[in-house]
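Report on the structure given below.
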Number of protein chains: 2
Amino acid sequence: MTDHWNGRRPAGRIAYVNGRYMQHGDAGVHVEDRGLQLGDAVYEVCRIENGHLLDEEEHLDRLERSLGEIEMAMPMRRGALKLVMAETVRRNHLRDGLLYLQVTRGALKRDHPIPERAPKPTLIMTARGMDEAALARRHADGISVIVCPDQRWGRCDIKTTQLLANLLAKTAARRAGAFEAWLIDGDGFVTEGTSTNVWIVDGDGRVITRDLSHAILPGVTRRVILEAAAEAQIPVVERRFTLAEALSAREAFMSSATGAAIPVTSIDGKKIGDGKPGPLTRRVAELYARRSQERLS
Amino acid sequence: MTDHWNGRRPAGRIAYVNGRYMQHGDAGVHVEDRGLQLGDAVYEVCRIENGHLLDEEEHLDRLERSLGEIEMAMPMRRGALKLVMAETVRRNHLRDGLLYLQVTRGALKRDHPIPERAPKPTLIMTARGMDEAALARRHADGISVIVCPDQRWGRCDIKTTQLLANLLAKTAARRAGAFEAWLIDGDGFVTEGTSTNVWIVDGDGRVITRDLSHAILPGVTRRVILEAAAEAQIPVVERRFTLAEALSAREAFMSSATGAAIPVTSIDGKKIGDGKPGPLTRRVAELYARRSQERLS
């Protein structure tokens with residue numbers, strides 16, 4: 001397995017695969033795993049802060065929902081899953097970083113239909129540090145986005161590993177010197193970023209984010225922000241908005257497990273507001289951070 | 001690897017992975033393979049008949065095109081690739097069956113964008129027998145299809161492993177007692193089957209198949225049939241057609257590498273023509289078979 005790895009071998013990284021903890025370089029799945037051959041797999045990414053998993057229950061709720069939408073059960077009881085998640089973080093000696101969790105339908109002689117008898121699923125977890133300084137810079141300075149047509153499939157509410165459209169748009173963004181791409185549907189409305197939900201603040205100080213449907217992922221951080229904003233009596237509207245609305249917004253930001261309320265200071269080279277992170281964006285980020293602190297303490 | 005395999009261990013099956021032939025049960029990829037984590041992979045399936053690979057050059061042409069569309073090069077020179085394909089067939093002692101070939105962008109620390117320096121790709125080949133009697137029955141008796149909304153992404157012309165929409169529709173078909181699902185786009189036109197191209201014969205004896213675009217896979221067998229039909233002066237029109245046209249067609253059939261011109265005798269429970277395989281479908285199947293014979297001899 002190790003000889004297929006590109007780049008520096010990550011010394012000391014530990015992965016979990018189907019009941020075993022092992023050296024990262026040795027962690028593999030079968031070539032006939034349905035996740036590899038058919039995209040028959042879902043995943044979650046959880047933020048690790050101070051050794052704790054943020055919004056763990058919400059991520060597991062969404063995992064269970066994603067699995068249910070493709071007719072799969074959770075790979076083990078939730079209590080056991082949480083133990084493995086915590087153990088994966090512990091074995092990687094991580095204080096801050098990311099936990100990655102993927103479930104596939106399992107390895108089986110290749111055939112398209114869902115097997116009549118559920119095969120033994122494949123459960124993978126890995127964990128790693130993040131560039132925390134870069135994340136802090138994105139929070140402080142904001143980031144630029146470009147826009148791309150949304151080419152994804154009709155069920156973006158399921159968190160599947162079918163991410164080719166996302167990664168092609170993200171690649172276009174990076175080549176254009178931007179950090180993220182916002183995706184535009186056939187009617188000219190913004191759906192979401194390639195790995196983030198989208199938010200704008202209108203001229204009346206209302207926070208607007210795309211409403212849930214098959215067109216976007218029900219973001220865990222999105223949901224926590226909505227709850228925190230409601231408690232703080234910040235007016236929030238869940239509805240679709242056009243690119244033109246975004247361009248004339250007072251503020252814009254994006255949310256994901258790896259960065260709550262990251263300011264978006266330009267879209268396709270056009271400044272949003274005064275081109276600096278906005279006060280409401282900062283307030284939402286603070287509300288999210290405070291809420292996370294409260295939950296962990 | 002073997003303990004994750006579901007079902008009977010395929011004794012004697014040999015897989016090729018990145019330069020090595022190995023026991024099928026031992027063939028794996030890394031958990032951070034971009035094919036597994038991001039759907040960053042394309043594939044081909046070739047029919048093996050009498051120990052030969054049908055339409056091999058056309059499959060390699062399409063592989064090269066798919067790779068190019070996601071900014072990847074062929075994993076090795078074409079001559080070398082053909083040697084590995086032939087050797088994989090030989091080591092599996094197959095006279096008739098299927099060769100499966102997958103190329104992923106390789107194993108790399110997880111990050112969405114296409115890496116600036118191309119990583120070493122992952123190349124996988126497996127081969128296996130088919131149920132030849134079942135295939136002969138499908139040719140002789142025809143099959144039933146149901147219709148489903150086409151939920152796939154905007155670049156179905158690239159043969160990626162992102163097949164979840166396809167397999168969900170195929171599952172619905174099998175549960176309804178049908179063999180395949182035909183996918184209907186937002187305008188009411190048939191795009192293709194979940195793993196087959198679609199064809200009908202109208203009242204004037206014209207053969208109609210959906211024209212190429214981002215909405216369908218450029219089928220290798222489709223192309224060979226088009227060439228064979230042109231040589232035989234059978235009138236063929238490449239254009240989209242509606243479900244209503246299909247239901248009132250004189251004949252219908254589907255094509256794929258695993259079965260050229262399989263008669264479709266009913267759609268959503270409604271008989272096509274007299275509900276039996278049609279004469280033009282049979283003629284096309286014969287033309288394809290004759291052409292394959294000529295190429296191999």
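Residue numbers start at 1 in each chain; chains themselves are named A, B, ... in the order of the structure tokens; ligands are numbered from 1 in the order shown.
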Between chain B and chain A, at 6 Å or less, what are the per-residue closest atom pairs and their distances in Å? Count only C-alpha atoms, order by chain and rising residue number, and return it as a tab-separated table.
```
residue	atom	partner	partner_atom	distance
B:Trp5	CA	A:Ala107	CA	5.3
B:Asn6	CA	A:Leu108	CA	5.5
B:Ala27	CA	A:Val31	CA	5.8
B:Gly28	CA	A:His30	CA	4.2
B:Val29	CA	A:Gly28	CA	5.3
B:His30	CA	A:Gly28	CA	4.2
B:Val31	CA	A:Gly28	CA	4.8
B:Gly35	CA	A:Leu36	CA	5.7
B:Leu36	CA	A:Leu36	CA	4.4
B:Gln37	CA	A:Thr161	CA	5.7
B:Leu38	CA	A:Leu163	CA	4.9
B:Gly39	CA	A:Gln162	CA	4.9
B:Asp40	CA	A:Leu164	CA	5.7
B:Ala107	CA	A:Trp5	CA	5.3
B:Leu108	CA	A:Asn6	CA	5.4
B:His112	CA	A:Leu167	CA	5.0
B:Pro113	CA	A:Thr171	CA	4.6
B:Ile114	CA	A:Thr171	CA	5.9
B:Gln151	CA	A:Gly154	CA	4.7
B:Arg152	CA	A:Trp153	CA	4.6
B:Trp153	CA	A:Trp153	CA	3.9
B:Gly154	CA	A:Gln151	CA	4.7
B:Thr161	CA	A:Leu38	CA	5.2
B:Gln162	CA	A:Gly39	CA	4.8
B:Leu163	CA	A:Leu38	CA	4.9
B:Leu164	CA	A:Gly39	CA	5.7
B:Leu167	CA	A:His112	CA	5.0
B:Lys170	CA	A:Pro113	CA	5.6
B:Thr171	CA	A:Pro113	CA	4.6
```
Write out as JSON, numbers by chain the set of residues from region 197-263 of chain A that DSSP, computed on the backbone, places in strand (DSSP E or B).
{"A": [197, 198, 199, 200, 201, 207, 208, 209, 236, 237, 238, 242, 251, 252, 253, 254, 255, 256, 259, 260, 261, 262, 263]}
Just write the chosen residues, N, CA and C atoms, as a PDB file, in the first residue's frame.
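Printed below is result-v5.pdb as written:
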```pdb
ATOM      1  N   ASN A 197     -21.379  26.484   3.036  1.00  0.00           N
ATOM      2  CA  ASN A 197     -22.669  27.121   2.778  1.00  0.00           C
ATOM      3  C   ASN A 197     -22.448  28.622   2.613  1.00  0.00           C
ATOM      4  N   VAL A 198     -23.411  29.303   1.965  1.00  0.00           N
ATOM      5  CA  VAL A 198     -23.239  30.712   1.583  1.00  0.00           C
ATOM      6  C   VAL A 198     -24.198  31.619   2.341  1.00  0.00           C
ATOM      7  N   TRP A 199     -23.724  32.803   2.683  1.00  0.00           N
ATOM      8  CA  TRP A 199     -24.501  33.766   3.475  1.00  0.00           C
ATOM      9  C   TRP A 199     -24.218  35.177   2.951  1.00  0.00           C
ATOM     10  N   ILE A 200     -25.267  36.021   2.961  1.00  0.00           N
ATOM     11  CA  ILE A 200     -25.051  37.448   2.682  1.00  0.00           C
ATOM     12  C   ILE A 200     -25.813  38.268   3.730  1.00  0.00           C
ATOM     13  N   VAL A 201     -25.447  39.531   3.851  1.00  0.00           N
ATOM     14  CA  VAL A 201     -26.170  40.466   4.719  1.00  0.00           C
ATOM     15  C   VAL A 201     -26.705  41.572   3.822  1.00  0.00           C
ATOM     16  N   VAL A 207     -29.605  38.749   7.653  1.00  0.00           N
ATOM     17  CA  VAL A 207     -28.711  37.696   7.201  1.00  0.00           C
ATOM     18  C   VAL A 207     -29.516  36.722   6.350  1.00  0.00           C
ATOM     19  N   ILE A 208     -29.026  36.457   5.152  1.00  0.00           N
ATOM     20  CA  ILE A 208     -29.761  35.589   4.217  1.00  0.00           C
ATOM     21  C   ILE A 208     -28.906  34.383   3.856  1.00  0.00           C
ATOM     22  N   THR A 209     -29.488  33.200   3.925  1.00  0.00           N
ATOM     23  CA  THR A 209     -28.782  31.988   3.484  1.00  0.00           C
ATOM     24  C   THR A 209     -29.753  31.109   2.706  1.00  0.00           C
ATOM     25  N   VAL A 236     -32.700  36.543  10.460  1.00  0.00           N
ATOM     26  CA  VAL A 236     -32.153  35.647   9.447  1.00  0.00           C
ATOM     27  C   VAL A 236     -33.282  35.163   8.544  1.00  0.00           C
ATOM     28  N   VAL A 237     -33.024  35.158   7.248  1.00  0.00           N
ATOM     29  CA  VAL A 237     -34.001  34.672   6.283  1.00  0.00           C
ATOM     30  C   VAL A 237     -33.379  33.502   5.510  1.00  0.00           C
ATOM     31  N   GLU A 238     -34.079  32.383   5.448  1.00  0.00           N
ATOM     32  CA  GLU A 238     -33.616  31.258   4.644  1.00  0.00           C
ATOM     33  C   GLU A 238     -34.342  31.301   3.312  1.00  0.00           C
ATOM     34  N   THR A 242     -29.791  35.728  -5.616  1.00  0.00           N
ATOM     35  CA  THR A 242     -29.093  35.733  -6.897  1.00  0.00           C
ATOM     36  C   THR A 242     -27.655  36.219  -6.720  1.00  0.00           C
ATOM     37  N   GLU A 251     -22.476  42.587   3.367  1.00  0.00           N
ATOM     38  CA  GLU A 251     -21.444  41.637   3.785  1.00  0.00           C
ATOM     39  C   GLU A 251     -21.746  40.277   3.138  1.00  0.00           C
ATOM     40  N   ALA A 252     -20.743  39.437   3.099  1.00  0.00           N
ATOM     41  CA  ALA A 252     -20.945  38.047   2.666  1.00  0.00           C
ATOM     42  C   ALA A 252     -20.011  37.171   3.494  1.00  0.00           C
ATOM     43  N   PHE A 253     -20.438  35.947   3.751  1.00  0.00           N
ATOM     44  CA  PHE A 253     -19.543  35.002   4.430  1.00  0.00           C
ATOM     45  C   PHE A 253     -19.913  33.578   4.065  1.00  0.00           C
ATOM     46  N   MET A 254     -19.079  32.659   4.472  1.00  0.00           N
ATOM     47  CA  MET A 254     -19.345  31.245   4.205  1.00  0.00           C
ATOM     48  C   MET A 254     -19.089  30.456   5.482  1.00  0.00           C
ATOM     49  N   SER A 255     -19.737  29.289   5.565  1.00  0.00           N
ATOM     50  CA  SER A 255     -19.600  28.481   6.774  1.00  0.00           C
ATOM     51  C   SER A 255     -19.305  27.031   6.416  1.00  0.00           C
ATOM     52  N   SER A 256     -18.534  26.376   7.276  1.00  0.00           N
ATOM     53  CA  SER A 256     -18.266  24.947   7.151  1.00  0.00           C
ATOM     54  C   SER A 256     -17.715  24.476   8.483  1.00  0.00           C
ATOM     55  N   GLY A 259     -14.452  26.089   9.400  1.00  0.00           N
ATOM     56  CA  GLY A 259     -14.309  27.528   9.556  1.00  0.00           C
ATOM     57  C   GLY A 259     -15.681  28.186   9.566  1.00  0.00           C
ATOM     58  N   ALA A 260     -16.178  28.526  10.750  1.00  0.00           N
ATOM     59  CA  ALA A 260     -17.498  29.148  10.869  1.00  0.00           C
ATOM     60  C   ALA A 260     -17.400  30.610  10.485  1.00  0.00           C
ATOM     61  N   ALA A 261     -18.297  31.074   9.621  1.00  0.00           N
ATOM     62  CA  ALA A 261     -18.408  32.488   9.265  1.00  0.00           C
ATOM     63  C   ALA A 261     -17.080  33.101   8.825  1.00  0.00           C
ATOM     64  N   ILE A 262     -16.534  32.565   7.749  1.00  0.00           N
ATOM     65  CA  ILE A 262     -15.337  33.146   7.133  1.00  0.00           C
ATOM     66  C   ILE A 262     -15.800  34.292   6.223  1.00  0.00           C
ATOM     67  N   PRO A 263     -15.283  35.507   6.433  1.00  0.00           N
ATOM     68  CA  PRO A 263     -15.734  36.643   5.610  1.00  0.00           C
ATOM     69  C   PRO A 263     -15.356  36.457   4.136  1.00  0.00           C
TER      70      PRO A 263
END
```
Output the coordinates of chain B after least-squares fitting to chain A on all in-order C-alpha pairs, as a short mmCIF file (atom, residue, chain, number, x, y, z; two decimals) with C-alpha atoms, in the first residue's frame.
```cif
data_model
loop_
_atom_site.label_atom_id
_atom_site.label_comp_id
_atom_site.auth_asym_id
_atom_site.auth_seq_id
_atom_site.Cartn_x
_atom_site.Cartn_y
_atom_site.Cartn_z
CA MET B 1 -0.01 0.05 0.10
CA THR B 2 2.72 2.49 1.06
CA ASP B 3 4.43 2.49 -2.34
CA HIS B 4 1.32 4.06 -3.90
CA TRP B 5 1.44 7.00 -1.52
CA ASN B 6 2.41 10.34 -3.02
CA GLY B 7 4.69 12.62 -1.03
CA ARG B 8 6.16 12.43 2.41
CA ARG B 9 5.04 9.48 4.56
CA PRO B 10 3.06 10.88 7.46
CA ALA B 11 5.05 9.46 10.36
CA GLY B 12 2.95 8.48 13.34
CA ARG B 13 -0.43 9.07 11.73
CA ILE B 14 -2.93 6.40 12.71
CA ALA B 15 -5.99 5.42 10.68
CA TYR B 16 -8.96 3.31 11.69
CA VAL B 17 -10.36 0.85 9.13
CA ASN B 18 -13.04 -1.74 9.92
CA GLY B 19 -12.20 -2.49 13.51
CA ARG B 20 -8.47 -1.91 13.42
CA TYR B 21 -6.16 1.01 14.16
CA MET B 22 -3.12 0.98 11.88
CA GLN B 23 -0.29 3.04 10.48
CA HIS B 24 -1.73 5.54 8.00
CA GLY B 25 0.48 4.22 5.19
CA ASP B 26 -0.93 0.73 5.64
CA ALA B 27 -4.61 1.73 5.65
CA GLY B 28 -6.44 0.52 2.58
CA VAL B 29 -9.69 -0.72 1.10
CA HIS B 30 -10.29 -3.43 -1.48
CA VAL B 31 -10.22 -2.47 -5.17
CA GLU B 32 -13.82 -3.68 -5.43
CA ASP B 33 -14.98 -1.47 -2.59
CA ARG B 34 -18.22 0.12 -3.81
CA GLY B 35 -16.98 3.46 -2.53
CA LEU B 36 -14.06 3.31 -4.96
CA GLN B 37 -15.91 1.80 -7.93
CA LEU B 38 -19.39 3.31 -7.72
CA GLY B 39 -19.31 6.38 -5.47
CA ASP B 40 -21.51 4.36 -3.10
CA ALA B 41 -20.29 6.13 0.05
CA VAL B 42 -20.93 9.07 2.38
CA TYR B 43 -18.65 10.99 4.73
CA GLU B 44 -18.33 13.59 7.47
CA VAL B 45 -15.55 15.99 8.51
CA CYS B 46 -15.50 17.15 12.15
CA ARG B 47 -13.43 19.96 13.56
CA ILE B 48 -11.22 19.07 16.53
CA GLU B 49 -10.65 21.91 18.99
CA ASN B 50 -8.78 21.47 22.24
CA GLY B 51 -9.05 17.73 21.73
CA HIS B 52 -12.87 17.86 21.43
CA LEU B 53 -15.02 17.18 18.38
CA LEU B 54 -17.22 20.20 17.62
CA ASP B 55 -20.90 19.56 16.91
CA GLU B 56 -20.30 15.81 17.09
CA GLU B 57 -23.97 14.85 17.60
CA GLU B 58 -25.08 17.00 14.65
CA HIS B 59 -22.44 15.39 12.41
CA LEU B 60 -23.61 11.94 13.45
CA ASP B 61 -27.24 12.96 12.88
CA ARG B 62 -26.33 14.01 9.35
CA LEU B 63 -24.27 10.87 8.75
CA GLU B 64 -27.28 8.77 9.75
CA ARG B 65 -29.50 10.79 7.42
CA SER B 66 -27.06 10.49 4.47
CA LEU B 67 -26.80 6.75 5.02
CA GLY B 68 -30.58 6.44 5.24
CA GLU B 69 -31.02 8.27 1.93
CA ILE B 70 -28.92 5.59 0.21
CA GLU B 71 -30.55 2.79 2.22
CA MET B 72 -27.72 2.10 4.62
CA ALA B 73 -27.69 1.74 8.38
CA MET B 74 -25.12 3.25 10.73
CA PRO B 75 -22.01 1.02 10.66
CA MET B 76 -22.15 0.61 14.46
CA ARG B 77 -24.13 1.95 17.41
CA ARG B 78 -23.64 5.67 17.98
CA GLY B 79 -21.96 5.20 21.34
CA ALA B 80 -19.38 2.85 19.84
CA LEU B 81 -18.83 5.19 16.90
CA LYS B 82 -18.11 8.07 19.28
CA LEU B 83 -15.59 5.96 21.16
CA VAL B 84 -13.74 5.15 17.91
CA MET B 85 -13.83 8.82 16.90
CA ALA B 86 -12.35 9.90 20.24
CA GLU B 87 -9.76 7.13 20.10
CA THR B 88 -8.72 8.14 16.58
CA VAL B 89 -8.19 11.72 17.78
CA ARG B 90 -6.26 10.47 20.81
CA ARG B 91 -3.98 8.10 18.90
CA ASN B 92 -3.06 10.94 16.53
CA HIS B 93 -2.12 13.19 19.50
CA LEU B 94 -4.25 15.99 18.09
CA ARG B 95 -5.31 19.03 20.03
CA ASP B 96 -6.66 20.87 16.98
CA GLY B 97 -7.42 19.60 13.50
CA LEU B 98 -9.91 17.51 11.56
CA LEU B 99 -11.46 14.08 11.88
CA TYR B 100 -12.47 12.47 8.58
CA LEU B 101 -15.04 9.66 8.64
CA GLN B 102 -16.21 7.70 5.58
CA VAL B 103 -18.68 4.86 5.26
CA THR B 104 -19.00 2.83 2.04
CA ARG B 105 -21.44 0.05 1.25
CA GLY B 106 -18.51 -2.39 1.38
CA ALA B 107 -16.42 -4.55 -0.96
CA LEU B 108 -18.35 -6.84 -3.25
CA LYS B 109 -18.22 -8.27 -6.77
CA ARG B 110 -18.94 -5.25 -8.98
CA ASP B 111 -22.61 -4.87 -9.93
CA HIS B 112 -24.59 -1.64 -9.94
CA PRO B 113 -27.76 -2.37 -7.94
CA ILE B 114 -27.84 -2.14 -4.16
CA PRO B 115 -27.28 -5.76 -3.03
CA GLU B 116 -30.41 -7.44 -1.70
CA ARG B 117 -28.61 -8.44 1.49
CA ALA B 118 -26.66 -5.53 2.98
CA PRO B 119 -22.92 -6.28 2.80
CA LYS B 120 -20.56 -5.47 5.67
CA PRO B 121 -19.89 -1.74 5.23
CA THR B 122 -16.43 -0.19 5.15
CA LEU B 123 -15.78 2.32 7.95
CA ILE B 124 -12.72 4.56 7.74
CA MET B 125 -11.50 7.29 10.07
CA THR B 126 -8.43 9.45 9.75
CA ALA B 127 -7.39 12.59 11.63
CA ARG B 128 -4.86 15.31 11.00
CA GLY B 129 -3.81 18.79 12.00
CA MET B 130 -4.82 21.91 10.08
CA ASP B 131 -2.83 25.00 9.22
CA GLU B 132 -4.33 26.95 12.13
CA ALA B 133 -2.43 30.15 11.24
CA ALA B 134 -3.89 30.12 7.72
CA LEU B 135 -7.37 29.57 9.17
CA ALA B 136 -6.90 32.51 11.55
CA ARG B 137 -5.80 34.68 8.61
CA ARG B 138 -8.91 33.73 6.65
CA HIS B 139 -11.07 34.72 9.62
CA ALA B 140 -9.19 38.00 10.09
CA ASP B 141 -8.77 39.10 6.47
CA GLY B 142 -11.57 37.32 4.63
CA ILE B 143 -11.25 35.47 1.36
CA SER B 144 -12.12 35.92 -2.33
CA VAL B 145 -14.51 33.72 -4.24
CA ILE B 146 -15.26 33.20 -7.91
CA VAL B 147 -18.53 31.86 -9.30
CA CYS B 148 -19.02 28.70 -11.40
CA PRO B 149 -22.08 26.97 -12.86
CA ASP B 150 -23.41 24.33 -10.46
CA GLN B 151 -22.84 21.07 -12.34
CA ARG B 152 -23.56 18.70 -9.47
CA TRP B 153 -26.21 16.01 -9.32
CA GLY B 154 -29.77 16.35 -8.08
CA ARG B 155 -29.20 15.16 -4.50
CA CYS B 156 -26.60 17.52 -3.05
CA ASP B 157 -28.36 17.16 0.30
CA ILE B 158 -26.67 13.76 0.69
CA LYS B 159 -23.04 14.11 1.76
CA THR B 160 -21.59 11.66 -0.75
CA THR B 161 -17.99 11.31 -1.88
CA GLN B 162 -19.01 12.22 -5.43
CA LEU B 163 -17.03 15.45 -5.32
CA LEU B 164 -15.59 15.81 -8.80
CA ALA B 165 -17.74 18.82 -9.76
CA ASN B 166 -16.81 20.41 -6.44
CA LEU B 167 -13.10 19.85 -6.85
CA LEU B 168 -13.09 21.11 -10.45
CA ALA B 169 -14.75 24.36 -9.31
CA LYS B 170 -12.38 24.66 -6.33
CA THR B 171 -9.44 24.16 -8.72
CA ALA B 172 -10.75 26.96 -10.95
CA ALA B 173 -11.01 29.19 -7.88
CA ARG B 174 -7.45 28.53 -6.73
CA ARG B 175 -6.09 29.17 -10.22
CA ALA B 176 -7.94 32.50 -10.28
CA GLY B 177 -6.27 33.44 -6.98
CA ALA B 178 -9.50 32.89 -5.00
CA PHE B 179 -10.08 30.56 -2.05
CA GLU B 180 -13.52 29.17 -2.88
CA ALA B 181 -16.06 28.97 -5.73
CA TRP B 182 -19.75 29.79 -5.26
CA LEU B 183 -21.97 27.68 -7.45
CA ILE B 184 -24.79 29.20 -9.52
CA ASP B 185 -27.84 27.14 -10.45
CA GLY B 186 -29.64 27.22 -13.80
CA ASP B 187 -31.92 30.04 -12.59
CA GLY B 188 -29.06 32.35 -11.57
CA PHE B 189 -29.30 31.69 -7.84
CA VAL B 190 -26.35 30.85 -5.64
CA THR B 191 -26.63 27.31 -4.24
CA GLU B 192 -23.54 26.96 -2.05
CA GLY B 193 -19.75 26.90 -2.17
CA THR B 194 -17.86 23.77 -3.20
CA SER B 195 -17.41 22.83 0.48
CA THR B 196 -19.19 25.65 2.33
CA ASN B 197 -22.67 27.14 2.78
CA VAL B 198 -23.24 30.71 1.59
CA TRP B 199 -24.51 33.77 3.48
CA ILE B 200 -25.05 37.45 2.69
CA VAL B 201 -26.16 40.46 4.74
CA ASP B 202 -28.60 42.78 2.95
CA GLY B 203 -28.96 46.57 3.23
CA ASP B 204 -31.41 46.19 6.13
CA GLY B 205 -28.98 44.09 8.15
CA ARG B 206 -30.82 40.84 7.50
CA VAL B 207 -28.71 37.71 7.22
CA ILE B 208 -29.76 35.58 4.22
CA THR B 209 -28.77 31.99 3.49
CA ARG B 210 -30.05 29.53 0.87
CA ASP B 211 -32.98 27.46 2.13
CA LEU B 212 -32.61 23.69 2.48
CA SER B 213 -33.61 21.47 -0.45
CA HIS B 214 -32.04 18.75 -2.59
CA ALA B 215 -29.80 21.50 -4.05
CA ILE B 216 -27.57 22.07 -1.02
CA LEU B 217 -25.95 20.24 1.83
CA PRO B 218 -27.66 20.78 5.20
CA GLY B 219 -24.55 22.23 6.81
CA VAL B 220 -23.98 21.42 10.47
CA THR B 221 -22.27 24.75 11.05
CA ARG B 222 -25.06 26.43 9.06
CA ARG B 223 -27.60 24.99 11.49
CA VAL B 224 -25.65 25.95 14.59
CA ILE B 225 -25.23 29.50 13.23
CA LEU B 226 -28.98 29.72 12.55
CA GLU B 227 -29.74 28.70 16.14
CA ALA B 228 -27.16 31.06 17.61
CA ALA B 229 -28.38 33.97 15.47
CA ALA B 230 -31.99 33.34 16.50
CA GLU B 231 -31.00 33.36 20.18
CA ALA B 232 -29.13 36.63 19.65
CA GLN B 233 -32.19 38.06 17.83
CA ILE B 234 -30.31 38.65 14.61
CA PRO B 235 -32.86 38.59 11.76
CA VAL B 236 -32.15 35.64 9.46
CA VAL B 237 -34.00 34.68 6.30
CA GLU B 238 -33.63 31.28 4.64
CA ARG B 239 -34.23 31.80 0.94
CA ARG B 240 -32.35 31.60 -2.30
CA PHE B 241 -30.57 34.74 -3.53
CA THR B 242 -29.10 35.74 -6.89
CA LEU B 243 -25.51 36.53 -7.77
CA ALA B 244 -26.60 40.18 -8.29
CA GLU B 245 -27.92 40.29 -4.70
CA ALA B 246 -24.67 38.85 -3.44
CA LEU B 247 -22.62 41.42 -5.35
CA SER B 248 -24.62 44.31 -3.87
CA ALA B 249 -24.74 42.82 -0.35
CA ARG B 250 -23.37 44.71 2.63
CA GLU B 251 -21.45 41.63 3.79
CA ALA B 252 -20.94 38.06 2.67
CA PHE B 253 -19.55 35.01 4.42
CA MET B 254 -19.34 31.24 4.20
CA SER B 255 -19.60 28.47 6.77
CA SER B 256 -18.25 24.96 7.15
CA ALA B 257 -17.04 22.64 9.87
CA THR B 258 -13.51 23.84 9.20
CA GLY B 259 -14.31 27.54 9.57
CA ALA B 260 -17.48 29.15 10.87
CA ALA B 261 -18.41 32.48 9.26
CA ILE B 262 -15.33 33.16 7.13
CA PRO B 263 -15.74 36.66 5.62
CA VAL B 264 -16.05 36.81 1.82
CA THR B 265 -14.63 40.17 0.79
CA SER B 266 -14.83 39.85 -2.99
CA ILE B 267 -16.81 37.83 -5.54
CA ASP B 268 -15.42 37.49 -9.07
CA GLY B 269 -13.06 40.38 -8.35
CA LYS B 270 -15.83 42.75 -7.16
CA LYS B 271 -15.61 44.11 -3.61
CA ILE B 272 -18.41 43.18 -1.22
CA GLY B 273 -19.37 46.18 0.92
CA ASP B 274 -16.17 48.08 1.66
CA GLY B 275 -14.06 45.01 0.82
CA LYS B 276 -13.31 44.28 4.48
CA PRO B 277 -14.77 41.66 6.85
CA GLY B 278 -18.12 42.99 8.06
CA PRO B 279 -19.30 43.53 11.65
CA LEU B 280 -22.24 41.12 11.44
CA THR B 281 -20.01 38.37 10.02
CA ARG B 282 -17.66 38.90 12.95
CA ARG B 283 -20.55 38.79 15.40
CA VAL B 284 -21.82 35.50 13.93
CA ALA B 285 -18.31 34.01 14.16
CA GLU B 286 -18.14 35.07 17.82
CA LEU B 287 -21.57 33.64 18.56
CA TYR B 288 -20.53 30.33 17.00
CA ALA B 289 -17.27 30.26 18.95
CA ARG B 290 -19.03 31.08 22.24
CA ARG B 291 -21.65 28.41 21.62
CA SER B 292 -18.96 25.82 20.93
CA GLN B 293 -17.18 26.79 24.14
CA GLU B 294 -20.39 26.40 26.15
CA ARG B 295 -21.13 22.99 24.69
CA LEU B 296 -17.66 21.66 25.42
CA SER B 297 -17.43 22.97 28.96
#
```
As a ChimeraX atom specification, please: all residues of region 8-255 of chain B that backbone DSSP puts in alpha helix (DSSP H).
/B:34-38,56-69,78-91,132-141,164-175,220-231,243-247
